[in-house]
Amino acid sequence: MDNEKSSDVIDKRREKQAELKARNIQLFPNDFKVLHTIQDILFQIESHPESITMETPVFVAAGRMMAINRFGKSTFIRFRDRTGQLQAYIKKDRVGDDAYELFKQLDVGDFVGLKGGLFQTKTQEWTLLVTEIRLLCKATRPLPEKFHGLKDPEKRYRQRYIDLIMNADVRYIFIKRSRMIQAIRTFLLERDFLEVETPMMQTLAGGAEATPFVTFHNALNIDLFLRIAPELYLKRLVVGGYERVFEINRNFRNEGVSTRHNPEFTMLEFYQAYATYEDLMELTERMFSEITSAVTGSTQIVYQGNTIEMSGKWRRMTLASSLSEIAGIDPALLNDRQGLLDFAASKGIPIAHKNRLGKIVTKLFDTLVEPHLIQPTFITGYPVEVSPLSRKSDLNPQITDRFELFIAGYEIANGFSELNDPQDQKDRFLQQVADRDAGDQEAHCMDSDYIEALEYGLPPTAGEGIGIDRLAMLLTDSVSIREVILFPHMKPLTKTVSDKTESEP
């Protein structure tokens with residue numbers, strides 16, 4: 001609906017509001033008691049259809065009117081609540097002259113309270129036969145046209161409330177997301193994990209290599225960072241004796257916006273004492289199988305045309321073997337920094353950190369291997385250089401006991417056996433500080449308090465982070481992360497005063 005037409009509709013609706021107010025009709029009452037949901041009504045129809053008459057049982061429901069078809073002295077409407085949609089029949093001689101005249105002033109989008117029994121129309125559709133009707137909320141702005149709906153992604157994300165009103169598929173995405181998070185929580189609680197909360201504003205941005213958001217604390221007169229990860233606080237809790245902890249948390253990274261990235265995102269992080277990264281790979285297989293089944297009813301999903309099996313034993317590959325087998329890189333090149341730089345240049349792959357072999361290797365992996373990992377795959381053997389919090393491998397001190405999980409070409413999880421040697425951790429932090437001084441602004445800062453915590457003793461521990469948003473994308477077949485975040489970050493619209501009209505939100 002264009003702005004001029006929308007403005008005319010809004011003007012007419014405001015005139016109706018003024019008329020109703022002049023008749024002492026409440027536009028926004030708050031005393032109607034809803035006794036039944038549409039789901040309750042449908043359950044009665046399915047379970048005891050023989051007991052239903054036009055008079056009994058009597059239902060009292062409410063919802064938003066989504067369609068109105070008027071026929072003089074009678075009208076059919078469709079109204080919707082949080083559980084579903086139902087047809088209702090309003091007849092003048094049943095609700096009374098005054099109530100019907102009031103109803104004629106109502107529009108699609110208004111909320112109404114309805115009372116009545118049930119009957120079947122000539123087409124056998126069960127319908128609420130209304131005996132009482134009440135205006136509960138008069139909407140000023142019109143909904144998008146029925147057959148066009150809200151299609152523009154930009155407008156859908158900016159006005160998610162309209163998107164939810166008009167698009168049932170979108171509503172279901174976020175219901176599935178909620179069920180997914182509940183299934184994760186249940187899975188961990190059943191295995192004796194303790195759910196905790198850690199600070200979202202931190203004096204140091206640690207736990208990941210990322211650029212933080214900075215804010216200022218007036219009372220303390222210091223800069224604080226919105227957390228990029230809860231990792232170092234969660235491991236402090238393991239030091240304190242909580243041997244199994246998890247947090248479903250919001251993280252903030254001052255990075256780009258894309259179909260895979262949102263600066264504010266949700267992660268699950270959990271830590272288990274006396275476990276290794278291999279234990280967590282097995283736990284992750286079980287977790288994803290159970291979550292997928294709980295949310296979708298199957299352990300198989302279809303994502304963008306690919307059938308993906310989430311149960312069973314998943315493929316395991318080392319980073320080096322994946323670069324050789326999938327990217328076609330000569331294994332002899334993997335320790336040759338200049339050779340890898342030349343290879344990257346030949347493929348047109350830009351390398352930001354040319355002096356860090358680990359960064360070069362992982363950049364080549366991200367570009368040449370990751371998109372091909374469709375079935376669930378654990379990649380192991382990450383270099384120490386890009387794993388500053390991971391325990392070194394006993395078999396090869398150049399790599400760590402770490403994995404990343406990839407599904408449908410996305411990185412979904414990152415886990416490792418935790419580095420619990422305080423001196424080794426301090427040395428790694430010092431190297432990160434040197435990298436930062438050399439220009440890598442995503443490198444870790446020195447966290448002396450965390451080193452002190454390790455000196456009190458962190459038992460052998462493994463930890464993992466799982467991207468909730470990306471997992472939701474997989475389970476809802478969504479191609480963009482914005483489809484699974486209710487209110488994704490977007491650049492504000494810029495308007496001049498003359499641009500503003502009453503039809504604009």
# chains A, B, ... in the order shown; residues from 1 in each chain; ligands from 1

$ select_by_dssp --residues "region 369-419 of chain A" --states "strand (DSSP E)" --output "ChimeraX atom specification"
/A:377-380,402-407,410-417

$ write_last_selection --atoms "C-alpha atoms" --output "compact mmCIF listing (two decimals), in the first residue's frame"
# COMPACT_ATOMS: atom_id res chain seq x y z
CA THR A 377 31.96 -32.88 10.04
CA PHE A 378 34.41 -32.37 12.90
CA ILE A 379 37.64 -30.66 11.87
CA THR A 380 40.51 -31.19 14.34
CA ARG A 402 40.45 -28.76 19.44
CA PHE A 403 37.60 -29.28 17.00
CA GLU A 404 35.22 -27.17 15.00
CA LEU A 405 31.91 -28.55 13.77
CA PHE A 406 30.64 -27.74 10.29
CA ILE A 407 27.20 -28.47 8.87
CA TYR A 410 28.51 -23.31 8.28
CA GLU A 411 30.72 -23.34 11.34
CA ILE A 412 28.29 -24.39 14.07
CA ALA A 413 30.46 -25.20 17.10
CA ASN A 414 33.97 -24.81 18.48
CA GLY A 415 35.29 -26.96 21.31
CA PHE A 416 38.54 -28.00 22.90
CA SER A 417 40.33 -29.46 25.86

$ closest_atom_pairs --of "region 184-246 of chain A" --to "region 265-278 of chain A" --cutoff "9 Å" --atoms "only C-alpha atoms" --output "CSV"
residue,atom,partner,partner_atom,distance
A:Ile184,CA,A:Leu268,CA,8.7
A:Leu188,CA,A:Phe270,CA,8.8
A:Phe193,CA,A:Gln272,CA,8.1
A:Glu195,CA,A:Phe270,CA,9.0
A:Ala229,CA,A:Met267,CA,8.5
A:Pro230,CA,A:Glu269,CA,7.5
A:Glu231,CA,A:Glu269,CA,7.3
A:Leu234,CA,A:Tyr271,CA,7.4
A:Lys235,CA,A:Tyr271,CA,7.3
A:Val238,CA,A:Ala273,CA,7.2
A:Tyr242,CA,A:Ala273,CA,8.6
A:Glu243,CA,A:Ala273,CA,5.0
A:Arg244,CA,A:Gln272,CA,4.6
A:Val245,CA,A:Tyr271,CA,5.5
A:Phe246,CA,A:Phe270,CA,4.0

$ write_last_selection --atoms "N, CA and C atoms" --output "mmCIF file, in the first residue's frame"
data_model
loop_
_atom_site.group_PDB
_atom_site.id
_atom_site.type_symbol
_atom_site.label_atom_id
_atom_site.label_comp_id
_atom_site.auth_asym_id
_atom_site.auth_seq_id
_atom_site.Cartn_x
_atom_site.Cartn_y
_atom_site.Cartn_z
ATOM 1 N N ILE A 184 17.816 -27.829 24.218
ATOM 2 C CA ILE A 184 19.224 -27.752 24.628
ATOM 3 C C ILE A 184 19.320 -27.683 26.144
ATOM 4 N N LEU A 188 21.103 -30.607 28.706
ATOM 5 C CA LEU A 188 22.220 -30.361 29.614
ATOM 6 C C LEU A 188 21.818 -30.535 31.075
ATOM 7 N N PHE A 193 24.398 -30.598 34.340
ATOM 8 C CA PHE A 193 25.010 -29.289 34.130
ATOM 9 C C PHE A 193 24.205 -28.234 34.894
ATOM 10 N N GLU A 195 23.037 -24.324 35.056
ATOM 11 C CA GLU A 195 22.915 -23.108 34.250
ATOM 12 C C GLU A 195 23.313 -21.906 35.085
ATOM 13 N N ALA A 229 32.637 -13.209 24.442
ATOM 14 C CA ALA A 229 32.428 -14.614 24.818
ATOM 15 C C ALA A 229 32.440 -14.698 26.343
ATOM 16 N N PRO A 230 31.722 -15.668 26.914
ATOM 17 C CA PRO A 230 31.703 -15.829 28.371
ATOM 18 C C PRO A 230 32.765 -16.798 28.882
ATOM 19 N N GLU A 231 33.637 -17.257 28.006
ATOM 20 C CA GLU A 231 34.498 -18.398 28.295
ATOM 21 C C GLU A 231 35.321 -18.255 29.575
ATOM 22 N N LEU A 234 33.274 -18.522 32.745
ATOM 23 C CA LEU A 234 32.755 -19.867 32.978
ATOM 24 C C LEU A 234 33.848 -20.794 33.501
ATOM 25 N N LYS A 235 35.067 -20.651 32.977
ATOM 26 C CA LYS A 235 36.157 -21.493 33.467
ATOM 27 C C LYS A 235 36.568 -21.087 34.884
ATOM 28 N N VAL A 238 34.489 -23.218 37.005
ATOM 29 C CA VAL A 238 34.996 -24.585 37.139
ATOM 30 C C VAL A 238 36.123 -24.612 38.174
ATOM 31 N N TYR A 242 32.308 -25.712 40.366
ATOM 32 C CA TYR A 242 31.171 -26.117 39.540
ATOM 33 C C TYR A 242 31.716 -26.893 38.349
ATOM 34 N N GLU A 243 31.621 -28.209 38.407
ATOM 35 C CA GLU A 243 32.321 -29.038 37.432
ATOM 36 C C GLU A 243 31.616 -29.141 36.081
ATOM 37 N N ARG A 244 30.329 -28.813 36.055
ATOM 38 C CA ARG A 244 29.594 -28.809 34.784
ATOM 39 C C ARG A 244 28.709 -27.561 34.759
ATOM 40 N N VAL A 245 29.028 -26.630 33.897
ATOM 41 C CA VAL A 245 28.274 -25.376 33.828
ATOM 42 C C VAL A 245 27.943 -25.058 32.380
ATOM 43 N N PHE A 246 26.853 -24.323 32.197
ATOM 44 C CA PHE A 246 26.533 -23.825 30.854
ATOM 45 C C PHE A 246 25.819 -22.491 30.954
#

$ select_by_dssp --residues "region 329-458 of chain A" --states "helix (DSSP H, G or I)" --output "JSON, numbers by chain"
{"A": [331, 332, 333, 337, 338, 339, 340, 341, 342, 343, 344, 345, 346, 357, 358, 359, 360, 361, 362, 363, 364, 365, 366, 367, 368, 370, 371, 372, 384, 385, 386, 422, 423, 424, 425, 426, 427, 428, 429, 430, 431, 432, 433, 434, 435, 436, 437, 448, 449, 450, 451, 452, 453, 454, 455]}

$ write_last_selection --atoms "C-alpha atoms" --output "short mmCIF file (atom, residue, chain, number, x, y, z; two decimals), in the first residue's frame"
data_model
loop_
_atom_site.label_atom_id
_atom_site.label_comp_id
_atom_site.auth_asym_id
_atom_site.auth_seq_id
_atom_site.Cartn_x
_atom_site.Cartn_y
_atom_site.Cartn_z
CA PRO A 331 50.66 -31.21 2.09
CA ALA A 332 54.26 -30.02 1.75
CA LEU A 333 52.97 -26.45 1.47
CA ARG A 337 54.22 -19.57 4.74
CA GLN A 338 55.40 -18.00 1.50
CA GLY A 339 54.25 -20.98 -0.52
CA LEU A 340 50.76 -20.67 0.98
CA LEU A 341 50.73 -16.94 0.31
CA ASP A 342 51.61 -17.60 -3.33
CA PHE A 343 48.89 -20.27 -3.50
CA ALA A 344 46.34 -17.86 -1.99
CA ALA A 345 47.32 -15.16 -4.49
CA SER A 346 46.87 -17.60 -7.37
CA LEU A 357 51.03 -19.11 9.32
CA GLY A 358 48.05 -20.26 11.38
CA LYS A 359 45.93 -17.38 10.12
CA ILE A 360 46.90 -18.13 6.52
CA VAL A 361 45.99 -21.80 6.89
CA THR A 362 42.62 -21.09 8.50
CA LYS A 363 41.79 -18.43 5.89
CA LEU A 364 42.42 -20.95 3.10
CA PHE A 365 40.27 -23.47 4.97
CA ASP A 366 37.43 -20.97 5.41
CA THR A 367 37.44 -20.16 1.70
CA LEU A 368 38.20 -23.48 0.03
CA GLU A 370 34.20 -24.90 4.67
CA PRO A 371 31.57 -24.43 1.90
CA HIS A 372 31.94 -28.13 0.95
CA VAL A 384 48.41 -23.42 18.54
CA GLU A 385 48.80 -19.96 16.99
CA VAL A 386 45.05 -19.63 16.37
CA PRO A 422 48.91 -21.12 33.99
CA GLN A 423 52.44 -20.52 32.70
CA ASP A 424 51.60 -21.82 29.22
CA GLN A 425 48.45 -19.66 29.23
CA LYS A 426 50.45 -16.61 30.28
CA ASP A 427 52.97 -17.21 27.50
CA ARG A 428 50.12 -17.54 24.96
CA PHE A 429 48.58 -14.28 26.19
CA LEU A 430 51.95 -12.53 25.84
CA GLN A 431 52.18 -13.74 22.26
CA GLN A 432 48.66 -12.42 21.67
CA VAL A 433 49.71 -9.06 23.11
CA ALA A 434 52.63 -9.01 20.70
CA ASP A 435 50.27 -9.81 17.83
CA ARG A 436 48.01 -6.97 18.95
CA ASP A 437 50.95 -4.57 19.07
CA SER A 448 46.22 -11.43 34.73
CA ASP A 449 43.18 -12.19 36.90
CA TYR A 450 42.39 -15.26 34.79
CA ILE A 451 46.02 -16.42 35.09
CA GLU A 452 45.71 -16.06 38.87
CA ALA A 453 42.52 -18.14 38.78
CA LEU A 454 44.36 -20.89 36.88
CA GLU A 455 47.07 -20.84 39.52
#

$ closest_atom_pairs --of "region 390-500 of chain A" --to "region 253-260 of chain A" --cutoff "10 Å" --atoms "only C-alpha atoms" --output "JSON lines"
{"residue": "A:Tyr410", "atom": "CA", "partner": "A:Arg260", "partner_atom": "CA", "distance": 8.4}
{"residue": "A:Glu411", "atom": "CA", "partner": "A:Arg260", "partner_atom": "CA", "distance": 9.7}
{"residue": "A:Asp469", "atom": "CA", "partner": "A:Arg260", "partner_atom": "CA", "distance": 8.9}
{"residue": "A:Arg470", "atom": "CA", "partner": "A:Arg260", "partner_atom": "CA", "distance": 7.5}
{"residue": "A:Met473", "atom": "CA", "partner": "A:Arg260", "partner_atom": "CA", "distance": 9.4}
{"residue": "A:Ser478", "atom": "CA", "partner": "A:Thr259", "partner_atom": "CA", "distance": 9.8}
{"residue": "A:Val479", "atom": "CA", "partner": "A:Thr259", "partner_atom": "CA", "distance": 7.2}
{"residue": "A:Ser480", "atom": "CA", "partner": "A:Thr259", "partner_atom": "CA", "distance": 4.4}
{"residue": "A:Ile481", "atom": "CA", "partner": "A:Thr259", "partner_atom": "CA", "distance": 5.3}
{"residue": "A:Arg482", "atom": "CA", "partner": "A:Thr259", "partner_atom": "CA", "distance": 6.8}
{"residue": "A:Glu483", "atom": "CA", "partner": "A:Thr259", "partner_atom": "CA", "distance": 9.0}
{"residue": "A:Pro488", "atom": "CA", "partner": "A:Val257", "partner_atom": "CA", "distance": 9.5}
{"residue": "A:His489", "atom": "CA", "partner": "A:Val257", "partner_atom": "CA", "distance": 8.0}
{"residue": "A:Met490", "atom": "CA", "partner": "A:Val257", "partner_atom": "CA", "distance": 8.5}

$ write_last_selection --atoms "N, CA and C atoms" --output "tab-separated table (two decimals), in the first residue's frame"
chain	number	residue	atom	x	y	z
A	410	TYR	N	28.44	-24.28	7.19
A	410	TYR	CA	28.51	-23.31	8.28
A	410	TYR	C	29.36	-23.86	9.42
A	411	GLU	N	30.13	-22.98	10.06
A	411	GLU	CA	30.72	-23.34	11.34
A	411	GLU	C	29.62	-23.23	12.39
A	469	ASP	N	22.06	-19.16	16.76
A	469	ASP	CA	21.40	-18.59	15.58
A	469	ASP	C	21.63	-19.46	14.35
A	470	ARG	N	22.85	-19.92	14.18
A	470	ARG	CA	23.14	-20.75	13.00
A	470	ARG	C	22.47	-22.11	13.11
A	473	MET	N	19.04	-21.60	12.04
A	473	MET	CA	18.98	-21.52	10.58
A	473	MET	C	18.86	-22.92	9.98
A	478	SER	N	16.54	-21.79	6.95
A	478	SER	CA	16.63	-20.35	6.69
A	478	SER	C	18.00	-20.02	6.11
A	479	VAL	N	18.02	-19.26	5.03
A	479	VAL	CA	19.28	-18.98	4.35
A	479	VAL	C	20.01	-17.78	4.96
A	480	SER	N	19.30	-16.96	5.73
A	480	SER	CA	19.92	-15.77	6.33
A	480	SER	C	19.73	-15.79	7.84
A	481	ILE	N	20.75	-15.35	8.55
A	481	ILE	CA	20.67	-15.28	10.01
A	481	ILE	C	19.58	-14.31	10.45
A	482	ARG	N	19.26	-13.34	9.60
A	482	ARG	CA	18.21	-12.38	9.96
A	482	ARG	C	16.84	-13.02	10.04
A	483	GLU	N	16.68	-14.17	9.39
A	483	GLU	CA	15.40	-14.87	9.44
A	483	GLU	C	15.14	-15.52	10.78
A	488	PRO	N	16.92	-8.14	13.99
A	488	PRO	CA	18.34	-8.06	13.61
A	488	PRO	C	18.80	-6.61	13.50
A	489	HIS	N	20.10	-6.40	13.66
A	489	HIS	CA	20.66	-5.06	13.54
A	489	HIS	C	20.56	-4.56	12.10
A	490	MET	N	20.12	-3.32	11.95
A	490	MET	CA	20.01	-2.71	10.63
A	490	MET	C	20.37	-1.23	10.74

$ closest_residue --among "A:Ser47, A:Ser390, A:Thr461, A:Gln375" --to "Gly241 (chain A)" --atoms "only C-alpha atoms"
A:Thr461

$ residues_around --residues "Ser74 (chain A)" --least-positions-apart "3" --cutoff "12 Å" --atoms "only C-alpha atoms" --output "mmCIF file with N, CA and C atoms, in the first residue's frame"
data_model
loop_
_atom_site.group_PDB
_atom_site.id
_atom_site.type_symbol
_atom_site.label_atom_id
_atom_site.label_comp_id
_atom_site.auth_asym_id
_atom_site.auth_seq_id
_atom_site.Cartn_x
_atom_site.Cartn_y
_atom_site.Cartn_z
ATOM 1 N N ILE A 68 -12.791 -9.950 7.065
ATOM 2 C CA ILE A 68 -14.198 -9.609 7.327
ATOM 3 C C ILE A 68 -14.965 -9.691 6.019
ATOM 4 N N ASN A 69 -16.049 -10.481 6.007
ATOM 5 C CA ASN A 69 -16.936 -10.566 4.842
ATOM 6 C C ASN A 69 -18.355 -10.222 5.281
ATOM 7 N N ARG A 70 -18.831 -9.053 4.891
ATOM 8 C CA ARG A 70 -20.130 -8.549 5.346
ATOM 9 C C ARG A 70 -21.229 -8.899 4.334
ATOM 10 N N PHE A 71 -22.411 -9.246 4.875
ATOM 11 C CA PHE A 71 -23.576 -9.566 4.052
ATOM 12 C C PHE A 71 -24.805 -8.886 4.641
ATOM 13 N N ILE A 77 -16.232 -13.509 9.915
ATOM 14 C CA ILE A 77 -14.879 -13.011 10.151
ATOM 15 C C ILE A 77 -13.949 -14.196 10.394
ATOM 16 N N ALA A 88 -15.749 -17.045 12.561
ATOM 17 C CA ALA A 88 -16.860 -16.689 13.451
ATOM 18 C C ALA A 88 -17.964 -16.048 12.611
ATOM 19 N N TYR A 89 -19.208 -16.202 13.073
ATOM 20 C CA TYR A 89 -20.381 -15.682 12.361
ATOM 21 C C TYR A 89 -21.110 -14.729 13.289
ATOM 22 N N ILE A 90 -21.193 -13.469 12.851
ATOM 23 C CA ILE A 90 -21.880 -12.446 13.642
ATOM 24 C C ILE A 90 -23.168 -12.093 12.929
ATOM 25 N N LYS A 91 -24.316 -12.321 13.605
ATOM 26 C CA LYS A 91 -25.624 -12.068 13.004
ATOM 27 C C LYS A 91 -26.336 -11.012 13.851
ATOM 28 N N LYS A 92 -26.969 -10.054 13.177
ATOM 29 C CA LYS A 92 -27.567 -8.925 13.857
ATOM 30 C C LYS A 92 -28.620 -9.345 14.880
ATOM 31 N N ASP A 93 -29.465 -10.312 14.506
ATOM 32 C CA ASP A 93 -30.538 -10.677 15.431
ATOM 33 C C ASP A 93 -30.052 -11.510 16.610
ATOM 34 N N ARG A 94 -28.795 -11.920 16.601
ATOM 35 C CA ARG A 94 -28.238 -12.673 17.727
ATOM 36 C C ARG A 94 -27.452 -11.755 18.672
ATOM 37 N N VAL A 95 -26.693 -10.828 18.132
ATOM 38 C CA VAL A 95 -25.873 -9.973 19.000
ATOM 39 C C VAL A 95 -26.610 -8.698 19.405
ATOM 40 N N GLY A 96 -27.678 -8.358 18.682
ATOM 41 C CA GLY A 96 -28.434 -7.154 18.986
ATOM 42 C C GLY A 96 -28.066 -5.998 18.074
ATOM 43 N N ASP A 97 -29.018 -5.070 17.920
ATOM 44 C CA ASP A 97 -28.824 -3.951 16.992
ATOM 45 C C ASP A 97 -27.630 -3.088 17.363
ATOM 46 N N TYR A 100 -24.299 -4.813 16.802
ATOM 47 C CA TYR A 100 -23.997 -5.005 15.387
ATOM 48 C C TYR A 100 -23.614 -3.686 14.722
ATOM 49 N N GLU A 101 -24.277 -2.596 15.126
ATOM 50 C CA GLU A 101 -23.908 -1.286 14.590
ATOM 51 C C GLU A 101 -22.488 -0.921 14.991
ATOM 52 N N PHE A 103 -20.149 -3.130 15.626
ATOM 53 C CA PHE A 103 -19.271 -4.023 14.879
ATOM 54 C C PHE A 103 -19.018 -3.498 13.469
ATOM 55 N N LYS A 104 -19.996 -2.824 12.887
ATOM 56 C CA LYS A 104 -19.831 -2.281 11.530
ATOM 57 C C LYS A 104 -18.742 -1.222 11.463
ATOM 58 N N LEU A 129 -20.579 -19.337 16.526
ATOM 59 C CA LEU A 129 -21.829 -18.602 16.356
ATOM 60 C C LEU A 129 -21.913 -17.575 17.483
ATOM 61 N N VAL A 130 -21.628 -16.333 17.161
ATOM 62 C CA VAL A 130 -21.403 -15.300 18.174
ATOM 63 C C VAL A 130 -22.716 -14.804 18.763
#

$ residues_around --residues "Leu475 (chain A)" --least-positions-apart "6" --cutoff "12 Å" --atoms "only C-alpha atoms" --output "PyMOL selection string"
chain A and resi 172-181+288-289+291-304+307-310+407-408+468-469+483-484

$ write_last_selection --atoms "C-alpha atoms" --output "PDB file, in the first residue's frame"
ATOM      1  CA  TYR A 172       6.655 -20.889  13.186  1.00  0.00           C
ATOM      2  CA  ILE A 173      10.390 -20.228  12.726  1.00  0.00           C
ATOM      3  CA  PHE A 174      10.559 -18.482  16.077  1.00  0.00           C
ATOM      4  CA  ILE A 175       8.407 -21.086  17.782  1.00  0.00           C
ATOM      5  CA  LYS A 176      10.891 -23.723  16.568  1.00  0.00           C
ATOM      6  CA  ARG A 177      13.795 -21.596  17.757  1.00  0.00           C
ATOM      7  CA  SER A 178      12.268 -21.377  21.224  1.00  0.00           C
ATOM      8  CA  ARG A 179      11.688 -25.144  21.302  1.00  0.00           C
ATOM      9  CA  MET A 180      15.273 -25.713  20.192  1.00  0.00           C
ATOM     10  CA  ILE A 181      16.673 -23.653  23.059  1.00  0.00           C
ATOM     11  CA  PHE A 288      22.187 -32.539  18.017  1.00  0.00           C
ATOM     12  CA  SER A 289      20.376 -35.797  17.343  1.00  0.00           C
ATOM     13  CA  ILE A 291      17.480 -31.574  19.634  1.00  0.00           C
ATOM     14  CA  THR A 292      16.716 -32.124  15.952  1.00  0.00           C
ATOM     15  CA  SER A 293      14.255 -34.882  16.792  1.00  0.00           C
ATOM     16  CA  ALA A 294      12.573 -32.764  19.486  1.00  0.00           C
ATOM     17  CA  VAL A 295      12.162 -29.771  17.166  1.00  0.00           C
ATOM     18  CA  THR A 296      11.422 -31.407  13.804  1.00  0.00           C
ATOM     19  CA  GLY A 297      10.240 -34.909  14.700  1.00  0.00           C
ATOM     20  CA  SER A 298      13.105 -36.505  12.781  1.00  0.00           C
ATOM     21  CA  THR A 299      16.885 -36.720  12.884  1.00  0.00           C
ATOM     22  CA  GLN A 300      17.010 -35.755   9.214  1.00  0.00           C
ATOM     23  CA  ILE A 301      16.662 -32.189   8.007  1.00  0.00           C
ATOM     24  CA  VAL A 302      16.573 -30.671   4.552  1.00  0.00           C
ATOM     25  CA  TYR A 303      18.620 -27.502   4.291  1.00  0.00           C
ATOM     26  CA  GLN A 304      18.567 -25.591   1.010  1.00  0.00           C
ATOM     27  CA  THR A 307      19.276 -33.821   3.099  1.00  0.00           C
ATOM     28  CA  ILE A 308      21.408 -33.865   6.239  1.00  0.00           C
ATOM     29  CA  GLU A 309      21.509 -36.668   8.792  1.00  0.00           C
ATOM     30  CA  MET A 310      22.028 -35.370  12.314  1.00  0.00           C
ATOM     31  CA  ILE A 407      27.200 -28.472   8.866  1.00  0.00           C
ATOM     32  CA  ALA A 408      25.779 -27.266   5.534  1.00  0.00           C
ATOM     33  CA  ILE A 468      22.355 -20.831  18.497  1.00  0.00           C
ATOM     34  CA  ASP A 469      21.404 -18.589  15.578  1.00  0.00           C
ATOM     35  CA  GLU A 483      15.396 -14.865   9.435  1.00  0.00           C
ATOM     36  CA  VAL A 484      16.006 -16.414  12.872  1.00  0.00           C
TER      37      VAL A 484
END
